[in-house]
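Chemist: Below is a structure I'd like to ask you about.
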Protein chains: 2
Amino acid sequence: MEAFDVLGDPVRRRILELLAAGERRAGDVVETIQAEFGLTQPAVSRHLRVLRESGFAGARAEGTRRLYALNGQALESVEDWLAELRRQWNQRLDALETELTRGRQRNCNQRPRRDGRG
Amino acid sequence: MEAFDVLGDPVRRRILELLAAGERRAGDVVETIQAEFGLTQPAVSRHLRVLRESGFAGARAEGTRRLYALNGQALESVEDWLAELRRQWNQRLDALETELTRGRQRNCNQRPRRDGRG
DNA sequence: TATATATATACGCGATTAGTGATAACGGGC
DNA sequence: GCCCGTTATCACTAATCGCGTATATATATA
């Protein structure tokens, strides 16, 4: 799953946030990222390329401009992996809970919340 | 958000999968990862350390052994970021849809599915 | 065709990171 | 106290990655 590598970079995550709001000109993205991270145009262009090649974003030409858009489908692999991890985790907590209810507390001395939240 | 960096490594993701099923001895993890990735014990130990320090996993000592467990709470930041991105994306598609329904198709020539699937 | 604008690529560098081998630390059993 | 099993750390190296500078490509316009 190469997807997580793509999301590992804060600049790329920020770009995805920008694109989530709608199509955006490459120059627009460059401008925003430059303001926020101080990167140059080529640096941003390369990030856009990574997003393109990994499927997280698509681009279409409009004259000399390039309009980038988020590809929601690409998020699925990440979402699915996380959901599966969460599912297994919660399922395991459910099993623990059941065991505790039955009074067989030999495994664990604490009982975390089912959803893992504080 | 440093969390995505942690998840960027395939070995660490695999370890999290192992831990999602329940507490596991460090040696167990080492054994599995060695079989699947061919890493040495120190390498796996380092990954476990990264997971520990980033909050994705916790460890408790049991004699000379160390039992590692997933920390479901640490997944939240990632889950939340993804959910927010998805929300914005879907919301934007909803807006597009509304506009199309009103017959003002000046912006877009296609209509992707609302959930970004298929 | 020449020029300007918009975007992408090439290349080299510095920093980070993950890996290995050796070793240290910690706890248990004799 | 000594040895053994388990896990963590240290020192070092190789590979990766992202950056900036410089340059190329492409389109519109004069």
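Within each chain, counting starts at residue 1; across the structure tokens, chains are named A, B, ... in the order shown, with ligands numbered 1 upward in that order.
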If we count only C-alpha atoms (C1' of nucleotides), which residues of chain D reach to within 10 Å of chain B? Please list them as number ranges by chain.
Modeler: D: 5-9
Chemist: For chain A, which residues have at least one atom within 8 Å of chain B, if we go by only C-alpha atoms? Write them as a CSV table (one decimal) with C-alpha atoms, in the first residue's frame, please.
Modeler:
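Result saved to selection_33.csv:
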```
chain,number,residue,atom,x,y,z
A,1,MET,CA,0.0,0.0,0.0
A,2,GLU,CA,1.9,3.0,-1.3
A,4,PHE,CA,0.2,5.9,3.1
A,5,ASP,CA,3.6,7.1,1.8
A,6,VAL,CA,1.8,9.7,-0.2
A,7,LEU,CA,-0.1,10.9,2.8
A,8,GLY,CA,3.0,10.9,4.9
A,9,ASP,CA,4.0,14.3,3.6
A,10,PRO,CA,2.4,17.3,5.3
A,16,LEU,CA,-5.4,17.3,-0.7
A,17,GLU,CA,-7.3,19.5,1.7
A,20,ALA,CA,-11.1,18.6,-1.4
A,21,ALA,CA,-12.9,21.9,-1.7
A,22,GLY,CA,-13.0,21.7,-5.4
A,70,LEU,CA,-9.1,15.3,-5.7
A,71,ASN,CA,-10.0,11.7,-6.6
A,72,GLY,CA,-12.2,10.5,-3.8
A,73,GLN,CA,-11.8,6.9,-4.9
A,75,LEU,CA,-8.9,7.5,-0.4
A,79,GLU,CA,-10.1,4.3,4.6
A,82,LEU,CA,-8.0,1.9,8.8
A,85,LEU,CA,-7.8,-2.3,11.8
A,86,ARG,CA,-10.4,-0.5,13.9
A,88,GLN,CA,-10.4,-6.0,14.5
A,89,TRP,CA,-9.5,-3.9,17.5
A,92,ARG,CA,-11.1,-8.0,20.2
A,115,ASP,CA,-14.3,2.8,20.7
A,116,GLY,CA,-10.9,3.5,22.0
A,117,ARG,CA,-11.8,7.1,22.9
A,118,GLY,CA,-10.9,8.8,26.1
```
Chemist: Could you write out, as a ChimeraX atom specification, all the residues of chain B that DSSP marks as helix (DSSP H, G or I)?
Modeler: /B:3-7,10-20,26-37,41-53,72-101
Chemist: Find the spatial neighbours of DC10 in chain D, counting only C-alpha atoms (C1' of nucleotides), within a cut-off of 10 Å - ignore same-chain residues fewer than 4 positions away - and output them as a ChimeraX atom specification.
Modeler: /C:22-24
Chemist: Hey, list the chain C side of the contact with chain B: 8 Å cut-off, only C-alpha atoms (C1' of nucleotides), answer as an MDAnalysis selection string.
Modeler: chainID C and resid 18:20 26:28
Chemist: So that I have them on file, write out the residues from the current selection with C-alpha atoms (C1' of nucleotides), as a PDB file, in the first residue's frame.
Modeler:
```pdb
ATOM      1  C1'  DA C  18      15.834   2.269   7.983  1.00  0.00           C
ATOM      2  C1'  DG C  19      18.869  -1.393   7.933  1.00  0.00           C
ATOM      3  C1'  DT C  20      22.818  -4.553   9.995  1.00  0.00           C
ATOM      4  C1'  DC C  26      17.102  -6.327  32.421  1.00  0.00           C
ATOM      5  C1'  DG C  27      14.984 -10.173  34.670  1.00  0.00           C
ATOM      6  C1'  DG C  28      14.736 -15.376  35.889  1.00  0.00           C
TER       7       DG C  28
END
```
Chemist: Tell me, which residues of chain A carry DSSP strand (DSSP E), written as a list in words?
Modeler: Arg24, Arg25, Ala57, Gly58, Ala59, Arg60, Ala61, Glu62, Arg65, Arg66, Leu67, Tyr68, Ala69 and Leu70 of chain A
Chemist: Please identify all polymer residues within 12 Å of DC11 in chain C, counting only C-alpha atoms (C1' of nucleotides), omitting same-chain residues fewer than 5 positions from it, and present them as an MDAnalysis selection string.
Modeler: chainID D and resid 19:23
